[in-house]
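Structure file coords.cif with mmCIF, C-alpha atoms:
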```cif
data_my_file
loop_
_atom_site.label_atom_id
_atom_site.label_comp_id
_atom_site.auth_asym_id
_atom_site.auth_seq_id
_atom_site.Cartn_x
_atom_site.Cartn_y
_atom_site.Cartn_z
CA MET A 1 4.39 1.39 18.20
CA GLU A 2 4.73 3.94 15.41
CA GLU A 3 2.33 4.17 12.49
CA TYR A 4 3.54 4.43 8.91
CA LEU A 5 2.34 3.73 5.38
CA VAL A 6 3.37 0.80 3.16
CA PRO A 7 2.18 -0.68 -0.15
CA THR A 8 -0.76 -3.02 0.39
CA LYS A 9 0.49 -5.53 -2.18
CA GLU A 10 2.73 -5.84 -5.20
CA GLY A 11 1.46 -3.51 -7.91
CA VAL A 12 2.17 -3.09 -11.62
CA ASP A 13 0.80 -0.81 -14.33
CA GLU A 14 2.12 0.81 -17.47
CA LEU A 15 1.76 3.61 -19.97
CA THR A 16 2.99 4.42 -23.48
CA GLU A 17 4.47 7.81 -24.28
CA LYS A 18 5.55 8.53 -27.86
CA ARG A 19 5.99 4.81 -28.51
CA SER A 20 8.16 4.30 -25.40
CA ARG A 21 6.65 1.80 -22.99
CA PHE A 22 7.01 2.55 -19.26
CA ILE A 23 6.20 -0.29 -16.84
CA GLY A 24 5.88 0.70 -13.18
CA HIS A 25 6.33 -2.03 -10.59
CA ILE A 26 6.15 -1.59 -6.82
CA TRP A 27 6.70 -3.84 -3.80
CA ARG A 28 6.74 -3.67 -0.05
CA THR A 29 10.38 -4.32 0.92
CA ASP A 30 11.19 -4.35 4.63
CA THR A 31 14.97 -4.46 4.11
CA GLU A 32 17.45 -3.06 1.62
CA GLU A 33 18.32 -6.63 0.63
CA GLU A 34 14.70 -7.24 -0.40
CA ALA A 35 14.70 -4.04 -2.47
CA ILE A 36 17.94 -4.98 -4.24
CA ALA A 37 16.57 -8.45 -4.94
CA ALA A 38 13.40 -6.97 -6.48
CA ILE A 39 15.45 -4.70 -8.74
CA ARG A 40 17.72 -7.56 -9.80
CA ALA A 41 14.76 -9.84 -10.55
CA THR A 42 13.15 -7.13 -12.69
CA ARG A 43 16.33 -6.67 -14.70
CA GLU A 44 16.58 -10.40 -15.28
CA ARG A 45 12.93 -10.80 -16.22
CA LEU A 46 12.81 -7.76 -18.53
CA TRP A 47 16.36 -8.14 -19.79
CA ASP A 48 15.65 -6.62 -23.19
CA ALA A 49 14.50 -3.21 -21.88
CA ARG A 50 16.65 -0.10 -22.28
CA HIS A 51 16.36 1.27 -18.73
CA HIS A 52 15.34 0.07 -15.25
CA VAL A 53 14.96 3.26 -13.22
CA TYR A 54 14.35 2.67 -9.52
CA ALA A 55 13.94 4.18 -6.07
CA TYR A 56 13.51 2.63 -2.65
CA LEU A 57 12.94 3.80 0.90
CA ILE A 58 13.58 1.65 3.97
CA ARG A 59 12.27 3.01 7.25
CA GLY A 60 15.18 3.86 9.51
CA GLY A 61 17.56 2.66 6.82
CA ALA A 62 18.63 3.24 3.23
CA MET A 63 17.17 5.54 0.61
CA ARG A 64 18.48 4.99 -2.90
CA TYR A 65 17.56 5.88 -6.47
CA SER A 66 19.04 5.48 -9.95
CA ASP A 67 18.45 7.00 -13.40
CA ASP A 68 19.99 3.85 -14.95
CA GLY A 69 21.40 5.64 -17.96
CA GLU A 70 18.69 8.26 -18.42
CA PRO A 71 19.75 11.94 -18.19
CA GLN A 72 20.55 12.88 -14.61
CA GLY A 73 17.50 13.75 -12.53
CA THR A 74 14.92 12.55 -15.07
CA GLY A 75 14.13 9.09 -13.67
CA GLY A 76 15.16 8.01 -10.19
CA MET A 77 14.42 11.27 -8.41
CA PRO A 78 10.92 11.68 -9.95
CA VAL A 79 10.10 8.10 -8.88
CA LEU A 80 11.44 8.80 -5.38
CA ASP A 81 9.38 12.00 -5.21
CA VAL A 82 6.20 10.00 -5.91
CA LEU A 83 6.99 7.63 -3.03
CA ARG A 84 7.71 10.57 -0.73
CA ARG A 85 4.52 12.42 -1.65
CA GLN A 86 2.54 9.31 -0.77
CA GLU A 87 4.54 9.07 2.50
CA LEU A 88 5.39 5.43 1.79
CA ASN A 89 8.03 3.49 3.70
CA ASN A 90 9.60 0.07 3.17
CA VAL A 91 8.91 0.40 -0.53
CA CYS A 92 10.73 -0.25 -3.78
CA CYS A 93 9.59 0.98 -7.19
CA VAL A 94 11.15 0.09 -10.54
CA VAL A 95 10.03 1.76 -13.76
CA THR A 96 11.22 -0.14 -16.83
CA ARG A 97 11.43 1.65 -20.17
CA TYR A 98 11.31 0.08 -23.59
CA PHE A 99 12.60 2.85 -25.86
CA GLY A 100 10.28 3.65 -28.76
CA GLY A 101 12.73 5.56 -30.93
CA ILE A 102 11.50 9.08 -30.14
CA LEU A 103 13.34 11.29 -27.63
CA LEU A 104 11.05 12.67 -24.93
CA GLY A 105 13.26 15.44 -23.60
CA THR A 106 13.95 16.15 -19.94
CA GLY A 107 10.42 17.26 -19.08
CA GLY A 108 8.82 14.38 -20.94
CA LEU A 109 10.97 11.82 -19.14
CA VAL A 110 10.21 13.31 -15.72
CA ARG A 111 6.46 13.23 -16.43
CA ALA A 112 6.53 9.69 -17.82
CA TYR A 113 8.54 8.20 -14.97
CA SER A 114 6.47 10.05 -12.37
CA LYS A 115 3.20 8.89 -13.91
CA ALA A 116 4.35 5.27 -14.23
CA ALA A 117 5.38 5.26 -10.55
CA ALA A 118 2.06 6.82 -9.51
CA LEU A 119 0.14 4.21 -11.51
CA ALA A 120 2.08 1.45 -9.76
CA VAL A 121 1.23 2.96 -6.36
CA ASP A 122 -2.45 3.06 -7.30
CA ALA A 123 -2.29 -0.58 -8.43
CA ALA A 124 -0.68 -1.65 -5.15
CA GLY A 125 -2.84 0.39 -2.79
CA ILE A 126 -1.70 1.85 0.52
CA SER A 127 -1.99 0.32 3.99
CA ILE A 128 -1.02 1.59 7.41
CA MET A 129 1.24 -0.26 9.84
CA ARG A 130 -0.30 0.17 13.27
CA LEU A 131 -1.31 -1.65 16.43
CA TRP A 132 -4.72 -3.29 16.04
CA GLN A 133 -6.92 -5.20 18.44
CA ARG A 134 -9.22 -8.03 17.46
CA VAL A 135 -12.84 -7.63 18.52
CA ALA A 136 -15.47 -10.37 18.43
CA ILE A 137 -19.00 -9.10 17.76
CA PRO A 138 -22.03 -11.37 18.33
CA CYS A 139 -24.55 -9.50 16.20
CA PRO A 140 -28.31 -10.01 15.66
CA TYR A 141 -29.23 -10.13 11.97
CA SER A 142 -31.44 -7.07 12.43
CA LEU A 143 -28.39 -4.96 13.33
CA PHE A 144 -25.89 -6.45 10.90
CA GLU A 145 -25.97 -3.65 8.29
CA ARG A 146 -25.74 -0.98 10.97
CA VAL A 147 -22.78 -2.70 12.61
CA LYS A 148 -20.98 -2.86 9.25
CA LEU A 149 -21.32 0.92 8.96
CA GLU A 150 -19.84 1.36 12.43
CA ILE A 151 -16.91 -0.92 11.60
CA ALA A 152 -16.14 1.24 8.58
CA ALA A 153 -16.54 4.45 10.58
CA TYR A 154 -13.93 3.24 13.07
CA GLU A 155 -11.53 2.20 10.26
CA GLY A 156 -12.02 -1.47 11.07
CA ASP A 157 -10.93 -4.47 9.04
CA VAL A 158 -13.29 -7.47 8.90
CA ILE A 159 -11.40 -10.75 9.41
CA SER A 160 -14.29 -13.20 9.29
CA THR A 161 -18.10 -13.37 9.29
CA ASP A 162 -19.92 -16.52 10.39
CA TYR A 163 -23.65 -16.91 9.87
CA GLY A 164 -25.64 -19.01 12.33
CA THR A 165 -28.40 -18.14 14.77
CA GLN A 166 -26.68 -14.75 14.78
CA VAL A 167 -23.84 -13.16 12.81
CA ASP A 168 -20.49 -13.64 14.53
CA ILE A 169 -18.10 -11.00 13.24
CA CYS A 170 -14.38 -10.85 13.96
CA VAL A 171 -12.75 -7.50 13.18
CA ARG A 172 -9.55 -5.57 13.74
CA ILE A 173 -9.95 -2.05 15.16
CA PRO A 174 -7.13 0.48 15.68
CA LEU A 175 -6.10 0.04 19.31
CA GLY A 176 -6.85 3.59 20.36
CA SER A 177 -10.46 3.33 19.13
CA VAL A 178 -11.44 -0.05 20.61
CA GLU A 179 -13.04 1.21 23.83
CA LYS A 180 -15.17 3.80 22.03
CA PHE A 181 -16.10 1.28 19.34
CA CYS A 182 -17.34 -1.29 21.85
CA LEU A 183 -19.33 1.33 23.77
CA ARG A 184 -20.83 2.56 20.52
CA LEU A 185 -22.07 -0.93 19.60
CA THR A 186 -23.60 -1.35 23.04
CA ASP A 187 -25.37 2.00 22.78
CA LEU A 188 -26.75 1.61 19.26
CA SER A 189 -28.03 -1.90 20.05
CA SER A 190 -29.58 -0.87 23.38
CA GLY A 191 -27.40 -3.45 25.10
CA LYS A 192 -28.07 -6.32 22.68
CA ILE A 193 -24.43 -6.38 21.50
CA THR A 194 -21.49 -6.90 23.84
CA ALA A 195 -18.29 -6.74 21.80
CA ILE A 196 -15.37 -8.76 23.17
CA PRO A 197 -11.82 -7.32 22.72
CA GLY A 198 -9.12 -9.90 22.01
CA ALA A 199 -5.50 -10.10 20.93
CA GLN A 200 -3.41 -7.12 19.82
CA GLU A 201 -1.48 -7.26 16.52
CA TYR A 202 1.04 -4.93 14.85
CA LEU A 203 0.50 -5.25 11.11
CA PRO A 204 -0.70 -3.41 7.98
CA GLY A 205 -4.35 -2.66 7.60
CA PRO A 206 -6.82 -0.41 5.75
CA TRP A 207 -5.95 3.25 5.44
CA LYS A 208 -7.86 6.22 4.13
CA LYS A 209 -6.65 9.78 3.70
#
```
Is it possible to express this structure as structure tokens?
Amino acid sequence: MEEYLVPTKEGVDELTEKRSRFIGHIWRTDTEEEAIAAIRATRERLWDARHHVYAYLIRGGAMRYSDDGEPQGTGGMPVLDVLRRQELNNVCCVVTRYFGGILLGTGGLVRAYSKAAALAVDAAGISIMRLWQRVAIPCPYSLFERVKLEIAAYEGDVISTDYGTQVDICVRIPLGSVEKFCLRLTDLSSGKITAIPGAQEYLPGPWKK
């Protein structure tokens, strides 16, 4: 299955530029219907705002943006460009503006909408959709810290950690790295750790550039 980037969670942040308030809001939306619903809900919730500029990208589907009354090219396209630069898919971003009475000009609007969208992306975080495999790790306490470093090195995601006579760790590892990961744990523990691969799952997980 293909890998692609999505927002980790719903994210919101804001900035003030010459008394205008810009509120960036971002969601993971797997369909165009979900994106439209998010835009509609924002308009209803923040009904007294002057503009609700938006952009959304659906993988294999629609790509839309709107300046919502701002001068052409100063709102929707800058927001869309932020999403594209971050290589996000299945994403909707709305930047709401409360007008502060001072005109910002074309360049000022582009910068404000771009920054508000970027702040929303940072607030949401970025995850990668990929095929993962669960791995159970029965780990001696003496090797626990070292194993945690190896999990991070292989871009793993810890699901659970149970403490008993040993530490039983359940992690997700990218499918293509599971064999090497298990061999690595066996080698560094001199055979004391035998990791047990389990079910495969296609879902979002940690991502680093």
- Just the residues within 7 Å of range 17-22 of chain A, please, counting only C-alpha atoms, with nothing from its chain fewer than 6 positions along; format it as a list in words. Val95, Thr96, Arg97, Tyr98, Phe99, Gly100, Ile102 and Ala116 of chain A
- Item | Residue neighbourhood Thr106 in chain A, 10 Å, all atoms listed in the file, exclusion window fewer than 3 positions, as a list in words |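 Listed by chain and then number, they are Glu70, Pro71, Gln72, Gly73, Thr74, Gly75, Leu103, Leu109, Val110 and Arg111 of chain A.
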Output C-alpha atoms for every residue in that selection, as a short mmCIF file (atom, residue, chain, number, x, y, z; two decimals), keeping the file's coordinate frame.
```cif
data_model
loop_
_atom_site.label_atom_id
_atom_site.label_comp_id
_atom_site.auth_asym_id
_atom_site.auth_seq_id
_atom_site.Cartn_x
_atom_site.Cartn_y
_atom_site.Cartn_z
CA GLU A 70 18.69 8.26 -18.42
CA PRO A 71 19.75 11.94 -18.19
CA GLN A 72 20.55 12.88 -14.61
CA GLY A 73 17.50 13.75 -12.53
CA THR A 74 14.92 12.55 -15.07
CA GLY A 75 14.13 9.09 -13.67
CA LEU A 103 13.34 11.29 -27.63
CA LEU A 109 10.97 11.82 -19.14
CA VAL A 110 10.21 13.31 -15.72
CA ARG A 111 6.46 13.23 -16.43
#
```
- Select, counting only C-alpha atoms, all protein, DNA and RNA residues no farther than 10 Å from (13.6, 2.7, 0.6) in file coordinates, and express the selection as a PyMOL selection string. chain A and resi 28-32+35+55-65+80+83-84+88-93
Could those residues be written to a file, using C-alpha atoms, as an mmCIF file, keeping the file's coordinate frame?
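That gives us out28.cif:
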```
data_model
loop_
_atom_site.group_PDB
_atom_site.id
_atom_site.type_symbol
_atom_site.label_atom_id
_atom_site.label_comp_id
_atom_site.auth_asym_id
_atom_site.auth_seq_id
_atom_site.Cartn_x
_atom_site.Cartn_y
_atom_site.Cartn_z
ATOM 1 C CA ARG A 28 6.740 -3.670 -0.050
ATOM 2 C CA THR A 29 10.380 -4.320 0.920
ATOM 3 C CA ASP A 30 11.190 -4.350 4.630
ATOM 4 C CA THR A 31 14.970 -4.460 4.110
ATOM 5 C CA GLU A 32 17.450 -3.060 1.620
ATOM 6 C CA ALA A 35 14.700 -4.040 -2.470
ATOM 7 C CA ALA A 55 13.940 4.180 -6.070
ATOM 8 C CA TYR A 56 13.510 2.630 -2.650
ATOM 9 C CA LEU A 57 12.940 3.800 0.900
ATOM 10 C CA ILE A 58 13.580 1.650 3.970
ATOM 11 C CA ARG A 59 12.270 3.010 7.250
ATOM 12 C CA GLY A 60 15.180 3.860 9.510
ATOM 13 C CA GLY A 61 17.560 2.660 6.820
ATOM 14 C CA ALA A 62 18.630 3.240 3.230
ATOM 15 C CA MET A 63 17.170 5.540 0.610
ATOM 16 C CA ARG A 64 18.480 4.990 -2.900
ATOM 17 C CA TYR A 65 17.560 5.880 -6.470
ATOM 18 C CA LEU A 80 11.440 8.800 -5.380
ATOM 19 C CA LEU A 83 6.990 7.630 -3.030
ATOM 20 C CA ARG A 84 7.710 10.570 -0.730
ATOM 21 C CA LEU A 88 5.390 5.430 1.790
ATOM 22 C CA ASN A 89 8.030 3.490 3.700
ATOM 23 C CA ASN A 90 9.600 0.070 3.170
ATOM 24 C CA VAL A 91 8.910 0.400 -0.530
ATOM 25 C CA CYS A 92 10.730 -0.250 -3.780
ATOM 26 C CA CYS A 93 9.590 0.980 -7.190
#
```
- Item | Residues returned when the PyMOL selection byres ((chain A and resi 135-147) around 9) runs on this file, as a PyMOL selection string | chain A and resi 133-134+148-152+165-173+178+182+185+188-189+192-199
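When the PyMOL selection byres ((chain A and resi 43) around 12) is evaluated on the file shown here, the picked residues come out as A:His25, A:Ile36, A:Ala37, A:Ala38, A:Ile39, A:Arg40, A:Ala41, A:Thr42, A:Glu44, A:Arg45, A:Leu46, A:Trp47, A:Asp48, A:Ala49, A:Arg50, A:His51, A:His52, A:Val53, A:Tyr54, A:Asp68, A:Val94, A:Val95, A:Thr96, A:Arg97.
Residues selected in this file by the PyMOL selection byres ((chain A and resi 205) around 10) comprise Leu5, Val6, Thr8, Ile126, Ser127, Ile128, Met129, Arg130, Leu131, Trp132, Glu155, Gly156, Asp157, Arg172, Ile173, Pro174, Tyr202, Leu203, Pro204, Pro206 and Trp207 of chain A.
Picture a line from CA of Leu175 in chain A to CA of Ser160 in chain A; it runs 18.5 Å.
In this model, the gap between CA of Arg85 in chain A and CA of Leu15 in chain A comes to 20.5 Å.
Atom pair CA of Pro78 in chain A / CA of Ser114 in chain A has a distance of 5.3 Å (rounded to one decimal).
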- Of the candidates A:Glu33, A:Glu87, A:Glu2, A:Glu14, which shows the shortest atom-to-atom distance to Lys209 in chain A, using all atoms listed in the file? A:Glu87
- Query: Which of these residues is nearest to Thr16 in chain A, using all atoms listed in the file: A:Met1, A:Lys115, A:Gly191, A:Gly164?
  - Reply: A:Lys115
- Task: Tell me, as JSON, numbers by chain, which residues lie within 7 Å of Ala124 in chain A, counting all atoms listed in the file; anything in the same chain fewer than 4 positions away does not count.
- Result: {"A": [7, 8, 9, 10, 11, 120]}
Range 183-195 of chain A written out with N, CA, C and O atoms as a compact mmCIF listing (two decimals), in the first residue's frame:
```
# COMPACT_ATOMS: atom_id res chain seq x y z
N LEU A 183 16.12 -8.73 14.20
CA LEU A 183 17.49 -9.24 14.22
C LEU A 183 18.39 -8.34 15.05
O LEU A 183 19.26 -8.81 15.80
N ARG A 184 18.14 -7.03 14.95
CA ARG A 184 18.93 -6.08 15.72
C ARG A 184 18.75 -6.29 17.22
O ARG A 184 19.72 -6.28 17.99
N LEU A 185 17.50 -6.50 17.66
CA LEU A 185 17.26 -6.74 19.08
C LEU A 185 17.92 -8.02 19.56
O LEU A 185 18.46 -8.08 20.68
N THR A 186 17.89 -9.05 18.73
CA THR A 186 18.54 -10.31 19.09
C THR A 186 20.05 -10.12 19.24
O THR A 186 20.67 -10.59 20.19
N ASP A 187 20.63 -9.36 18.30
CA ASP A 187 22.07 -9.15 18.32
C ASP A 187 22.51 -8.31 19.53
O ASP A 187 23.45 -8.67 20.24
N LEU A 188 21.82 -7.19 19.77
CA LEU A 188 22.27 -6.31 20.85
C LEU A 188 22.06 -6.93 22.22
O LEU A 188 22.72 -6.56 23.19
N SER A 189 21.12 -7.90 22.32
CA SER A 189 20.85 -8.54 23.61
C SER A 189 21.58 -9.86 23.76
O SER A 189 21.38 -10.56 24.75
N SER A 190 22.42 -10.18 22.76
CA SER A 190 23.14 -11.47 22.77
C SER A 190 22.17 -12.64 22.92
O SER A 190 22.42 -13.60 23.68
N GLY A 191 21.04 -12.54 22.24
CA GLY A 191 20.06 -13.62 22.22
C GLY A 191 19.05 -13.61 23.35
O GLY A 191 18.19 -14.48 23.42
N LYS A 192 19.13 -12.61 24.25
CA LYS A 192 18.19 -12.57 25.37
C LYS A 192 16.80 -12.10 24.96
O LYS A 192 15.81 -12.37 25.65
N ILE A 193 16.70 -11.38 23.83
CA ILE A 193 15.41 -10.89 23.36
C ILE A 193 15.05 -11.56 22.05
O ILE A 193 15.83 -11.56 21.10
N THR A 194 13.86 -12.16 22.01
CA THR A 194 13.31 -12.70 20.78
C THR A 194 12.01 -11.96 20.50
O THR A 194 10.97 -12.22 21.13
N ALA A 195 12.06 -11.00 19.59
CA ALA A 195 10.87 -10.22 19.25
C ALA A 195 9.92 -11.06 18.42
O ALA A 195 10.35 -11.89 17.59
```
